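Q: This one is model_32.txt, compact mmCIF, C-alpha atoms and all ligand atoms.
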# COMPACT_ATOMS: atom_id res chain seq x y z
CA MET H 1 143.94 23.76 87.15
CA LEU H 2 141.71 21.24 85.38
CA VAL H 3 141.60 18.00 87.40
CA GLY H 4 140.39 14.81 85.70
CA VAL H 5 138.81 11.76 87.33
CA PRO H 6 138.46 8.68 85.11
CA LYS H 7 136.47 5.58 86.04
CA GLU H 8 138.76 2.84 87.36
CA ILE H 9 139.17 -0.12 85.00
CA LYS H 10 141.08 -2.70 87.04
CA ASN H 11 139.19 -5.96 87.75
CA HIS H 12 136.38 -5.34 90.26
CA GLU H 13 137.76 -1.92 91.14
CA TYR H 14 134.88 0.39 92.07
CA ARG H 15 136.78 3.01 94.07
CA VAL H 16 136.98 6.53 92.66
CA GLY H 17 139.74 9.14 93.06
CA LEU H 18 137.56 12.09 94.13
CA THR H 19 134.14 12.27 95.80
CA PRO H 20 131.68 15.12 95.17
CA THR H 21 132.91 16.60 98.47
CA GLY H 22 136.45 16.76 97.07
CA VAL H 23 135.17 18.23 93.81
CA ARG H 24 133.45 20.99 95.79
CA GLU H 25 136.70 21.85 97.61
CA LEU H 26 138.46 22.18 94.25
CA THR H 27 135.76 24.15 92.46
CA ARG H 28 135.34 26.61 95.35
CA ARG H 29 139.05 27.42 94.90
CA GLY H 30 138.45 28.12 91.23
CA HIS H 31 139.68 24.84 89.76
CA GLY H 32 137.83 22.86 87.11
CA VAL H 33 137.02 19.16 87.50
CA LEU H 34 136.18 16.74 84.70
CA VAL H 35 134.66 13.47 85.91
CA GLN H 36 133.98 10.48 83.68
CA ARG H 37 130.29 9.58 83.68
CA GLY H 38 129.64 6.72 86.09
CA ALA H 39 133.06 7.05 87.79
CA GLY H 40 131.49 6.88 91.27
CA ALA H 41 128.47 4.74 90.42
CA GLY H 42 129.93 1.57 91.92
CA VAL H 43 130.09 3.21 95.35
CA GLY H 44 126.78 5.04 95.11
CA LEU H 45 128.20 8.44 94.12
CA LYS H 46 125.90 9.84 91.45
CA ASP H 47 126.88 11.87 88.39
CA GLU H 48 124.37 14.54 89.39
CA ASP H 49 126.11 14.98 92.77
CA TYR H 50 129.42 15.58 90.98
CA VAL H 51 127.65 18.17 88.79
CA ILE H 52 126.08 19.87 91.83
CA ALA H 53 129.60 20.08 93.31
CA GLY H 54 130.75 21.88 90.16
CA ALA H 55 132.20 19.12 87.98
CA ARG H 56 131.73 18.70 84.24
CA LEU H 57 131.01 15.19 83.03
CA ALA H 58 133.01 13.45 80.30
CA ASP H 59 131.58 10.66 78.21
CA ASP H 60 134.75 8.59 78.03
CA PRO H 61 138.24 8.29 79.51
CA ALA H 62 139.89 9.62 76.35
CA GLU H 63 138.26 13.01 77.01
CA VAL H 64 139.42 13.06 80.64
CA PHE H 65 143.05 12.20 79.81
CA ALA H 66 143.17 14.54 76.80
CA GLU H 67 141.95 17.60 78.74
CA ALA H 68 143.06 17.25 82.37
CA GLU H 69 146.25 18.85 83.66
CA MET H 70 146.19 16.43 86.60
CA VAL H 71 144.59 12.98 86.59
CA VAL H 72 143.53 11.71 90.05
CA LYS H 73 142.97 7.96 90.22
CA VAL H 74 143.09 5.06 92.66
CA LYS H 75 144.91 2.12 91.08
CA GLU H 76 148.08 2.06 89.01
CA PRO H 77 147.36 3.04 85.41
CA GLN H 78 146.60 0.08 83.18
CA PRO H 79 148.44 -0.04 79.80
CA GLU H 80 145.59 1.67 77.92
CA GLU H 81 145.57 4.45 80.53
CA CYS H 82 149.35 4.89 80.28
CA ALA H 83 148.92 5.26 76.52
CA ARG H 84 146.53 8.16 77.15
CA LEU H 85 148.87 10.15 79.43
CA CYS H 86 150.11 13.44 77.96
CA PRO H 87 153.58 15.00 78.26
CA GLY H 88 153.84 17.04 81.46
CA GLN H 89 150.47 15.81 82.76
CA ILE H 90 150.36 15.04 86.49
CA LEU H 91 149.23 11.54 87.47
CA PHE H 92 148.37 11.19 91.18
CA THR H 93 147.49 7.61 92.19
CA TYR H 94 148.92 4.34 93.57
CA LEU H 95 151.75 3.10 91.33
CA HIS H 96 153.66 0.26 93.13
CA LEU H 97 156.37 0.44 90.46
CA ALA H 98 159.21 -1.65 91.92
CA PRO H 99 157.65 -5.03 90.99
CA ASP H 100 156.09 -3.72 87.74
CA PRO H 101 158.68 -3.11 84.99
CA GLU H 102 156.05 -2.83 82.24
CA GLN H 103 154.18 0.01 83.95
CA ALA H 104 157.47 1.73 84.82
CA ARG H 105 158.53 1.64 81.16
CA LEU H 106 155.15 3.02 80.02
CA LEU H 107 155.28 5.85 82.57
CA VAL H 108 158.87 6.74 81.65
CA ASP H 109 157.89 6.79 77.97
CA SER H 110 154.73 8.85 78.64
CA ASP H 111 156.75 11.96 79.62
CA ALA H 112 154.18 12.52 82.41
CA VAL H 113 154.81 13.43 86.07
CA ALA H 114 153.79 10.43 88.19
CA ILE H 115 153.32 10.95 91.92
CA ALA H 116 152.63 7.75 93.90
CA TYR H 117 150.31 7.77 96.90
CA GLU H 118 152.23 4.93 98.53
CA THR H 119 155.56 6.74 98.88
CA VAL H 120 154.26 10.09 100.19
CA THR H 121 155.60 10.39 103.76
CA ASP H 122 154.63 12.30 106.91
CA ALA H 123 156.51 13.96 109.75
CA HIS H 124 156.04 10.91 112.02
CA GLY H 125 157.75 8.39 109.70
CA GLY H 126 154.42 7.13 108.34
CA LEU H 127 152.93 6.77 104.87
CA PRO H 128 149.73 8.83 105.14
CA LEU H 129 148.29 7.90 101.75
CA LEU H 130 149.03 4.18 102.08
CA ALA H 131 147.82 3.98 105.68
CA PRO H 132 144.06 4.25 105.05
CA MET H 133 144.14 1.40 102.52
CA SER H 134 146.45 -0.61 104.77
CA GLU H 135 143.88 -0.22 107.53
CA VAL H 136 141.22 -1.56 105.18
CA ALA H 137 143.36 -4.38 103.76
CA GLY H 138 144.64 -5.43 107.20
CA ARG H 139 141.09 -5.77 108.48
CA MET H 140 139.94 -7.52 105.30
CA ALA H 141 142.87 -9.95 105.40
CA VAL H 142 141.32 -11.73 108.37
CA GLN H 143 137.88 -11.91 106.73
CA ALA H 144 139.45 -13.25 103.53
CA GLY H 145 141.60 -15.71 105.46
CA ALA H 146 138.67 -16.95 107.56
CA HIS H 147 136.63 -17.57 104.40
CA ALA H 148 139.52 -19.35 102.65
CA LEU H 149 139.96 -21.65 105.67
CA GLU H 150 136.53 -23.16 104.97
CA LYS H 151 136.63 -26.61 103.36
CA ALA H 152 134.64 -25.54 100.30
CA GLN H 153 137.33 -22.92 99.57
CA GLY H 154 140.15 -25.50 99.82
CA GLY H 155 140.99 -24.64 103.42
CA ARG H 156 141.57 -27.01 106.31
CA GLY H 157 138.14 -26.46 107.79
CA VAL H 158 139.13 -24.47 110.85
CA LEU H 159 137.04 -21.77 112.52
CA LEU H 160 139.25 -18.89 113.67
CA ALA H 161 137.44 -18.57 116.98
CA GLY H 162 137.27 -22.27 117.81
CA VAL H 163 134.33 -23.24 120.03
CA PRO H 164 134.06 -24.27 123.69
CA GLY H 165 136.26 -27.32 124.08
CA VAL H 166 138.06 -26.80 120.73
CA PRO H 167 140.97 -24.37 120.56
CA PRO H 168 140.99 -21.35 118.24
CA ALA H 169 143.07 -21.14 115.07
CA ASN H 170 146.68 -19.95 115.06
CA VAL H 171 147.16 -16.75 113.06
CA SER H 172 150.67 -15.45 112.30
CA VAL H 173 151.08 -11.93 110.97
CA ILE H 174 154.45 -11.05 109.39
CA GLY H 175 154.97 -7.30 109.76
CA SER H 176 153.47 -5.18 112.52
CA GLY H 177 152.91 -1.94 110.62
CA VAL H 178 149.50 -0.61 109.64
CA VAL H 179 148.31 -3.77 107.86
CA GLY H 180 149.74 -5.99 110.61
CA LEU H 181 148.19 -4.03 113.45
CA ASN H 182 144.77 -3.98 111.82
CA ALA H 183 144.94 -7.68 110.96
CA ALA H 184 145.97 -8.51 114.53
CA ARG H 185 143.12 -6.44 115.90
CA MET H 186 140.54 -8.28 113.78
CA ALA H 187 142.00 -11.72 114.44
CA LEU H 188 142.07 -11.07 118.19
CA GLY H 189 138.52 -9.75 118.00
CA LEU H 190 137.43 -13.04 116.45
CA GLY H 191 139.14 -14.97 119.23
CA ALA H 192 142.10 -16.40 117.30
CA ASP H 193 145.51 -17.14 118.84
CA VAL H 194 147.60 -14.37 117.23
CA THR H 195 151.38 -13.94 116.79
CA VAL H 196 152.90 -10.87 115.14
CA LEU H 197 156.49 -10.77 113.85
CA ASP H 198 158.62 -7.76 112.98
CA LEU H 199 162.25 -6.64 112.85
CA ASP H 200 161.35 -3.31 114.45
CA LEU H 201 161.39 -3.76 118.24
CA THR H 202 159.98 -0.30 118.84
CA ARG H 203 156.97 -1.22 116.78
CA LEU H 204 156.59 -4.55 118.63
CA ARG H 205 156.75 -2.68 121.94
CA GLN H 206 154.00 -0.33 120.77
CA ILE H 207 151.60 -3.07 119.77
CA ASP H 208 152.44 -5.09 122.86
CA ALA H 209 151.45 -2.07 124.94
CA GLN H 210 148.30 -1.59 122.87
CA PHE H 211 146.98 -5.18 122.95
CA GLY H 212 148.50 -6.58 126.13
CA PRO H 213 149.04 -10.27 126.82
CA ARG H 214 146.38 -11.52 124.39
CA LEU H 215 148.84 -10.82 121.52
CA LYS H 216 152.20 -12.56 121.11
CA THR H 217 154.94 -10.42 119.59
CA VAL H 218 158.04 -12.09 118.15
CA TYR H 219 161.31 -10.70 116.77
CA SER H 220 161.49 -11.93 113.17
CA THR H 221 164.51 -14.24 112.82
CA ALA H 222 164.61 -17.19 110.38
CA ASP H 223 163.93 -19.55 113.30
CA ALA H 224 160.97 -17.49 114.50
CA LEU H 225 159.52 -17.20 111.01
CA GLU H 226 159.69 -20.95 110.41
CA SER H 227 158.04 -21.71 113.70
CA ALA H 228 155.28 -19.13 113.12
CA VAL H 229 154.61 -20.32 109.58
CA PHE H 230 154.69 -24.08 110.26
CA ASN H 231 152.32 -23.79 113.25
CA ALA H 232 149.81 -21.45 111.63
CA ASP H 233 146.39 -22.05 110.18
CA LEU H 234 146.50 -18.58 108.64
CA VAL H 235 149.60 -16.50 107.77
CA ILE H 236 149.16 -12.86 106.78
CA GLY H 237 152.04 -11.21 104.86
CA ALA H 238 152.21 -7.54 105.85
CA VAL H 239 155.82 -6.42 105.40
CA LEU H 240 156.98 -3.31 103.58
CA ILE H 241 160.25 -1.68 102.67
CA PRO H 242 158.80 1.57 101.26
CA GLY H 243 158.85 1.73 97.49
CA ALA H 244 160.93 -1.44 97.18
CA ALA H 245 160.02 -4.96 96.09
CA ALA H 246 158.87 -6.97 99.12
CA PRO H 247 161.45 -9.40 100.56
CA LYS H 248 160.53 -13.07 99.89
CA LEU H 249 160.46 -14.14 103.53
CA VAL H 250 158.52 -17.38 103.11
CA THR H 251 160.14 -19.75 100.61
CA ARG H 252 158.50 -22.47 98.55
CA ALA H 253 160.18 -25.04 100.80
CA MET H 254 158.56 -23.44 103.85
CA ILE H 255 155.15 -23.43 102.14
CA SER H 256 155.47 -27.17 101.48
CA ARG H 257 156.00 -27.76 105.21
CA MET H 258 152.85 -25.88 106.27
CA ARG H 259 149.72 -27.58 107.54
CA PRO H 260 147.67 -28.99 104.64
CA GLY H 261 144.79 -26.60 103.94
CA ALA H 262 146.44 -23.71 105.75
CA VAL H 263 145.93 -20.28 104.19
CA VAL H 264 148.31 -17.46 103.31
CA VAL H 265 146.99 -13.96 102.63
CA ASP H 266 149.79 -11.96 100.97
CA VAL H 267 148.72 -8.36 101.47
CA ALA H 268 152.21 -7.24 100.38
CA ILE H 269 151.48 -8.61 96.90
CA ASP H 270 151.16 -5.07 95.51
CA GLN H 271 154.90 -4.73 96.15
CA GLY H 272 155.54 -8.18 94.65
CA GLY H 273 154.58 -10.29 97.67
CA CYS H 274 156.51 -11.75 100.61
CA PHE H 275 155.78 -15.43 99.87
CA GLU H 276 157.92 -16.97 97.12
CA THR H 277 154.82 -18.77 95.80
CA SER H 278 152.65 -15.62 95.50
CA HIS H 279 151.37 -14.14 92.30
CA PRO H 280 148.73 -11.41 92.01
CA THR H 281 145.09 -12.51 91.85
CA THR H 282 141.81 -10.64 91.38
CA HIS H 283 138.58 -10.30 93.33
CA GLN H 284 136.98 -12.42 90.62
CA ASP H 285 139.34 -15.35 91.23
CA PRO H 286 141.14 -14.52 94.46
CA THR H 287 142.76 -17.81 95.45
CA TYR H 288 144.90 -20.67 94.17
CA THR H 289 146.64 -23.56 95.90
CA VAL H 290 150.34 -24.46 96.06
CA ASP H 291 151.43 -27.64 97.87
CA GLY H 292 148.02 -27.78 99.59
CA VAL H 293 148.26 -24.23 100.93
CA VAL H 294 145.55 -21.79 99.81
CA HIS H 295 146.97 -18.46 98.59
CA TYR H 296 144.90 -15.24 98.58
CA CYS H 297 146.91 -12.55 96.76
CA VAL H 298 144.51 -9.82 95.65
CA ALA H 299 146.50 -6.69 94.84
CA ASN H 300 143.57 -4.30 95.28
CA MET H 301 141.90 -5.72 98.35
CA PRO H 302 140.22 -2.44 99.39
CA GLY H 303 138.39 -2.48 96.03
CA GLY H 304 136.26 -5.23 97.59
CA VAL H 305 134.86 -2.77 100.13
CA ALA H 306 134.99 0.10 97.68
CA ARG H 307 132.59 2.43 99.41
CA THR H 308 134.36 2.41 102.78
CA ALA H 309 137.71 2.52 100.98
CA THR H 310 136.80 5.45 98.72
CA PHE H 311 135.89 7.69 101.65
CA ALA H 312 138.95 6.54 103.64
CA LEU H 313 141.30 7.18 100.71
CA THR H 314 139.89 10.46 99.45
CA GLN H 315 139.80 12.10 102.88
CA ALA H 316 143.55 11.40 103.08
CA THR H 317 144.48 12.43 99.53
CA LEU H 318 142.38 15.61 99.36
CA PRO H 319 144.86 18.01 101.05
CA TYR H 320 147.57 16.88 98.62
CA VAL H 321 145.25 17.15 95.60
CA LEU H 322 144.44 20.70 96.70
CA ALA H 323 148.13 21.59 97.15
CA LEU H 324 149.02 20.23 93.70
CA ALA H 325 146.10 22.06 92.08
CA ASP H 326 146.64 25.35 93.94
CA LYS H 327 150.41 25.59 93.47
CA GLY H 328 151.17 23.41 90.44
CA TYR H 329 153.26 20.30 90.99
CA ARG H 330 156.66 21.96 90.93
CA GLN H 331 155.95 24.45 93.73
CA ALA H 332 153.86 21.97 95.72
CA LEU H 333 156.73 19.44 95.67
CA LEU H 334 159.37 22.05 96.47
CA ASP H 335 157.28 23.32 99.42
CA ASP H 336 156.61 19.90 100.95
CA PRO H 337 159.38 17.28 101.14
CA HIS H 338 156.83 14.68 102.26
CA LEU H 339 154.72 15.13 99.13
CA CYS H 340 157.95 15.27 97.12
CA ALA H 341 158.75 11.75 98.39
CA GLY H 342 155.80 10.63 96.24
CA LEU H 343 157.50 11.67 93.00
CA ASN H 344 158.40 8.39 91.25
CA VAL H 345 158.70 9.38 87.59
CA HIS H 346 159.29 12.88 86.23
CA ARG H 347 159.16 13.42 82.49
CA GLY H 348 161.14 10.33 81.54
CA ALA H 349 163.35 10.17 84.67
CA VAL H 350 162.91 7.71 87.56
CA THR H 351 163.04 9.79 90.74
CA TYR H 352 162.53 7.15 93.43
CA ALA H 353 165.74 5.37 94.45
CA ALA H 354 164.23 1.97 95.36
CA VAL H 355 162.32 1.84 92.06
CA ALA H 356 165.40 2.80 90.02
CA GLU H 357 167.43 0.18 91.84
CA ALA H 358 164.82 -2.58 91.47
CA LEU H 359 164.31 -1.96 87.76
CA GLY H 360 167.77 -0.86 86.61
CA TYR H 361 167.07 2.80 85.81
CA THR H 362 169.41 5.69 86.44
CA TYR H 363 168.17 7.43 89.59
CA ARG H 364 167.65 11.18 89.39
CA THR H 365 166.79 13.10 92.57
CA ALA H 366 163.65 15.18 92.73
CA ALA H 367 165.86 18.20 93.39
CA GLN H 368 167.71 17.58 90.10
CA VAL H 369 164.61 17.24 87.95
CA LEU H 370 162.66 20.05 89.61
CA ALA H 371 165.57 22.48 89.21
CA ALA H 372 165.95 21.69 85.51
N1 LIG H 401 146.97 -5.90 98.61
C1 LIG H 401 146.40 -4.75 98.88
O1 LIG H 401 145.28 -4.47 98.44
C2 LIG H 401 147.07 -3.77 99.76
C3 LIG H 401 148.38 -3.94 100.05
N2 LIG H 401 149.03 -3.11 100.92
C4 LIG H 401 150.44 -3.43 101.15
O2 LIG H 401 150.65 -4.01 102.42
C5 LIG H 401 152.04 -3.89 102.75
C6 LIG H 401 152.22 -3.40 104.19
O3 LIG H 401 151.79 -2.07 104.28
P1 LIG H 401 151.81 -1.26 105.66
O4 LIG H 401 151.39 -2.12 106.78
O5 LIG H 401 151.10 0.01 105.43
O6 LIG H 401 153.36 -0.95 105.83
P2 LIG H 401 154.10 -0.44 107.16
O7 LIG H 401 155.32 0.28 106.71
O8 LIG H 401 153.15 0.24 108.07
O9 LIG H 401 154.52 -1.80 107.87
C7 LIG H 401 155.44 -2.70 107.31
C8 LIG H 401 156.14 -3.42 108.45
O10 LIG H 401 156.95 -4.45 107.87
C9 LIG H 401 158.06 -4.59 108.71
N3 LIG H 401 159.10 -5.34 108.04
C10 LIG H 401 159.89 -4.97 107.00
N4 LIG H 401 160.74 -5.97 106.68
C11 LIG H 401 160.44 -7.02 107.52
C12 LIG H 401 160.96 -8.32 107.70
N5 LIG H 401 161.96 -8.78 106.93
N6 LIG H 401 160.42 -9.11 108.66
C13 LIG H 401 159.42 -8.66 109.43
N7 LIG H 401 158.88 -7.42 109.33
C14 LIG H 401 159.40 -6.61 108.37
C15 LIG H 401 158.45 -3.14 109.01
O11 LIG H 401 159.32 -3.04 110.14
C16 LIG H 401 157.09 -2.52 109.26
O12 LIG H 401 156.70 -2.54 110.63
C17 LIG H 401 152.61 -2.92 101.68
O13 LIG H 401 153.25 -3.66 100.65
C18 LIG H 401 151.38 -2.25 101.15
O14 LIG H 401 151.56 -1.71 99.86
C19 LIG H 401 148.39 -2.07 101.53
C20 LIG H 401 147.08 -1.82 101.25
C21 LIG H 401 146.32 -2.63 100.31
C1 LIG H 402 147.30 0.21 98.36
C2 LIG H 402 146.66 -0.51 97.28
O1 LIG H 402 147.31 -1.15 96.49
C3 LIG H 402 145.23 -0.45 97.12
O2 LIG H 402 144.57 0.20 97.93
O3 LIG H 402 144.70 -1.04 96.17
MG MG H 403 141.24 -19.65 92.11
Output the file's structure as structure tokens, nothing else.
A:
Amino acid sequence: MLVGVPKEIKNHEYRVGLTPTGVRELTRRGHGVLVQRGAGAGVGLKDEDYVIAGARLADDPAEVFAEAEMVVKVKEPQPEECARLCPGQILFTYLHLAPDPEQARLLVDSDAVAIAYETVTDAHGGLPLLAPMSEVAGRMAVQAGAHALEKAQGGRGVLLAGVPGVPPANVSVIGSGVVGLNAARMALGLGADVTVLDLDLTRLRQIDAQFGPRLKTVYSTADALESAVFNADLVIGAVLIPGAAAPKLVTRAMISRMRPGAVVVDVAIDQGGCFETSHPTTHQDPTYTVDGVVHYCVANMPGGVARTATFALTQATLPYVLALADKGYRQALLDDPHLCAGLNVHRGAVTYAAVAEALGYTYRTAAQVLAA
């Protein structure tokens, strides 16, 4: 199979879908790889290293999309990338379709086969291709929040750690999955007073056992949420219902009752966000203020630490890239129900239930479209 790797074009997005190491794994199995010149430059991966690994270089994205049987990317395709997709071409990348009707329409119209990293599952109930970026974003959320709490950034001028004689900041984390756990770990490491909320008691038990009494775990009722939000200096939104639009757990009215200069970091923004007042921002202009509360809502947070994130992402995606290239998408999806869970759009049909429901498409099962 010919695998194509275009350079990412989203704002300040320097990650790349395959490293030279991944290219070598593909080429030693007899596959071809076409990499856009400069695709890895932002993370220090040189064109000549891709060539040594067996890739051909393309001068522009048009060449990559026109020739590749499978396009491997990082971020959801931007409109000009959707326009370049070919009928039957495999697109393997993050999609986050439920809150993005425009992209969904373009993918449906493209007649391509779109497999989303974020809905691929594993045998332990996890999301193995979302997890590495959730680890990165969870850890970054605390850095971003700490920075935004500084006065010059519009924050209330609170140091997460406090100092001797002055108490630390209160950090509330909504959702105790991968993002939540990693955010809690960083916030505790900095000495903050940390509360984590979730509806999943098993998950709360696990992180309670992991962190011990330094971490407060709270079952997420409306009462508990209000108390955690109103008393926080920093609130991190880290909830997920896989594939679906994020529930708006924190309303505008709740935001207006927060401490002036408090900060919210809505990591769940890529699924639409869990604060009613959230809208996506970019690394270039990451924050805005509503009712005195600073909002950080960058939808591609790991792009800010693109080198770490590229290696973390590509080591997770590589086995699936190899399966898709070795077997073709149809056989690879039929052989592996967990990879099959990543199929969101197949040749004009929406094949992920939560996306179809959120956007009003007829849902077709993967089994239906793969049998056809
Ligand atoms: N902005 C960015 O750059 C990035 C965003 N993300 C996003 O972060 C979000 C979280 O991802 P993960 O931690 O990997 O998901 P996860 O599935 O590991 O954890 C989500 C947690 O939310 C909990 N939850 C669901 N509904 C809830 C509710 N009503 N109240 C309290 N808890 C609730 C679940 O029980 C689960 O423990 C996702 O939307 C993901 O796409 C991930 C990476 C980067
Ligand atoms: C998961 C995601 O949206 C990202 O890594 O950018
Ligand atoms: Mg701003």
Q: As an exercise, work out the distance from atom CA of H:Val263 to atom CA of H:Pro168 in Å and give it to one decimal place.
A: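 That distance, rounded to one decimal, is 14.9 Å.
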Q: Hey, can you pull every residue with an atom no more than 9 Å from (154.2, 13.6, 87.7), using all atoms listed in the file, and send it as an mmCIF file with C-alpha atoms, in the frame of the given file?
A:
data_model
loop_
_atom_site.group_PDB
_atom_site.id
_atom_site.type_symbol
_atom_site.label_atom_id
_atom_site.label_comp_id
_atom_site.auth_asym_id
_atom_site.auth_seq_id
_atom_site.Cartn_x
_atom_site.Cartn_y
_atom_site.Cartn_z
ATOM 1 C CA MET H 70 146.190 16.430 86.600
ATOM 2 C CA GLY H 88 153.840 17.040 81.460
ATOM 3 C CA GLN H 89 150.470 15.810 82.760
ATOM 4 C CA ILE H 90 150.360 15.040 86.490
ATOM 5 C CA LEU H 91 149.230 11.540 87.470
ATOM 6 C CA PHE H 92 148.370 11.190 91.180
ATOM 7 C CA ASP H 111 156.750 11.960 79.620
ATOM 8 C CA ALA H 112 154.180 12.520 82.410
ATOM 9 C CA VAL H 113 154.810 13.430 86.070
ATOM 10 C CA ALA H 114 153.790 10.430 88.190
ATOM 11 C CA ILE H 115 153.320 10.950 91.920
ATOM 12 C CA ALA H 116 152.630 7.750 93.900
ATOM 13 C CA TYR H 329 153.260 20.300 90.990
ATOM 14 C CA LEU H 343 157.500 11.670 93.000
ATOM 15 C CA ASN H 344 158.400 8.390 91.250
ATOM 16 C CA VAL H 345 158.700 9.380 87.590
ATOM 17 C CA HIS H 346 159.290 12.880 86.230
ATOM 18 C CA ARG H 347 159.160 13.420 82.490
#
Q: How many Å separate atom C14 of ligand LIG 401 (chain H) from atom CA of H:Asp266?
A: 13.3 Å
Q: Select the residues contacting ligand LIG 402 (chain H) at a distance of at most 10 Å, based on only C-alpha atoms and all ligand atoms, then format the selection as number ranges by chain.
A: H: 10, 13, 15, 74-76, 93-96, 117-118, 129-137, 267-271, 298-304, 306, 309-310, 313
Q: Rank nothing, just name the residue among H:Asp208, H:Asp193, H:Glu80, H:Asp122 nearest to H:Ser176, using only C-alpha atoms.
A: H:Asp208
Q: Excluding H:Leu188 and any residue of its chain fewer than 6 positions from it, enumerate the residues within 8 Å of it, using all atoms listed in the file, and give them as a VMD selection string.
A: chain H and resid 194 214 to 215
Q: Let me make sure I understand: among H:Gln153, H:Leu201, H:Ile174, H:Ala184, which one has the smallest atom-to-atom distance to ligand MG 403 (chain H) if we use only C-alpha atoms and all ligand atoms?
A: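 Of H:Gln153, H:Leu201, H:Ile174, H:Ala184, the one nearest ligand MG 403 (chain H), counting only C-alpha atoms and all ligand atoms, is H:Gln153.
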Q: Quick one: pull the distance between atom CA of H:Val35 and atom N2 of ligand LIG 401 (chain H), Å, one decimal.
A: 26.6 Å
Q: Looking at all atoms listed in the file, which of H:Pro242, H:Gly177, H:Gly348, H:Pro247 is the one that sits closest to ligand LIG 401 (chain H)?
A: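 Nearest candidate to ligand LIG 401 (chain H) out of H:Pro242, H:Gly177, H:Gly348, H:Pro247: H:Gly177.
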Q: Please return, as a list of chain:residue names, all polymer residues that have at least one atom within 7 Å of the point (129.6, 8.3, 80.4); use only C-alpha atoms and the file's own coordinate frame.
A: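 With a cut-off of 7 Å, the residues come to H:Gln36, H:Arg37, H:Gly38, H:Ala58, H:Asp59, H:Asp60.
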Q: Restrict the selected residues to C-alpha atoms and save them as a PDB file, keeping the file's coordinate frame.
A:
ATOM      1  CA  GLN H  36     133.980  10.480  83.680  1.00  0.00           C
ATOM      2  CA  ARG H  37     130.290   9.580  83.680  1.00  0.00           C
ATOM      3  CA  GLY H  38     129.640   6.720  86.090  1.00  0.00           C
ATOM      4  CA  ALA H  58     133.010  13.450  80.300  1.00  0.00           C
ATOM      5  CA  ASP H  59     131.580  10.660  78.210  1.00  0.00           C
ATOM      6  CA  ASP H  60     134.750   8.590  78.030  1.00  0.00           C
TER       7      ASP H  60
END
Q: Around all the atoms of ligand LIG 401 (chain H) listed in the file, draw an axis-aligned box and extend it by 8 Å on each of the six sides; I want its centre and edge lengths in Å to one decimal, as JSON.
A:
{"center_x": 153.6, "center_y": -4.4, "center_z": 104.5, "size_x": 32.7, "size_y": 25.4, "size_z": 28.2}
Q: Which residues are near H:Gly4? Cut-off 7 Å, all atoms listed in the file, ignore same chain within fewer than 3 positions. Put them as a list in words.
A: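 Contacts, in chain order: Val33, Leu34, Val35, Val64, Phe65, Ala68, Met70, Val71 and Val72 of chain H.
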Q: Just want the residues within 12 Å of ligand MG 403 (chain H), written as a list of chain:residue names, counting only C-alpha atoms and all ligand atoms.
A: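 Using only C-alpha atoms and all ligand atoms, everything at most 12 Å from ligand MG 403 (chain H) comes to H:Ala148, H:Gln153, H:Gly154, H:His279, H:Pro280, H:Thr281, H:Thr282, H:His283, H:Gln284, H:Asp285, H:Pro286, H:Thr287, H:Tyr288, H:Thr289, H:Val290, H:Val294, H:His295, H:Tyr296, H:Cys297, H:Val298.
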Q: Just checking: using all atoms listed in the file, which residue out of H:Pro337, H:Pro87, H:Pro128, H:Gly175 ends up closest to ligand LIG 401 (chain H)?
A: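 Comparing H:Pro337, H:Pro87, H:Pro128, H:Gly175 against ligand LIG 401 (chain H), the winner is H:Gly175.
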Q: Restricting the calculation to all atoms listed in the file, which member of H:Asp223, H:Asp200, H:Glu357, H:Asp326 is positioned closest to ligand LIG 401 (chain H)?
A: H:Asp200
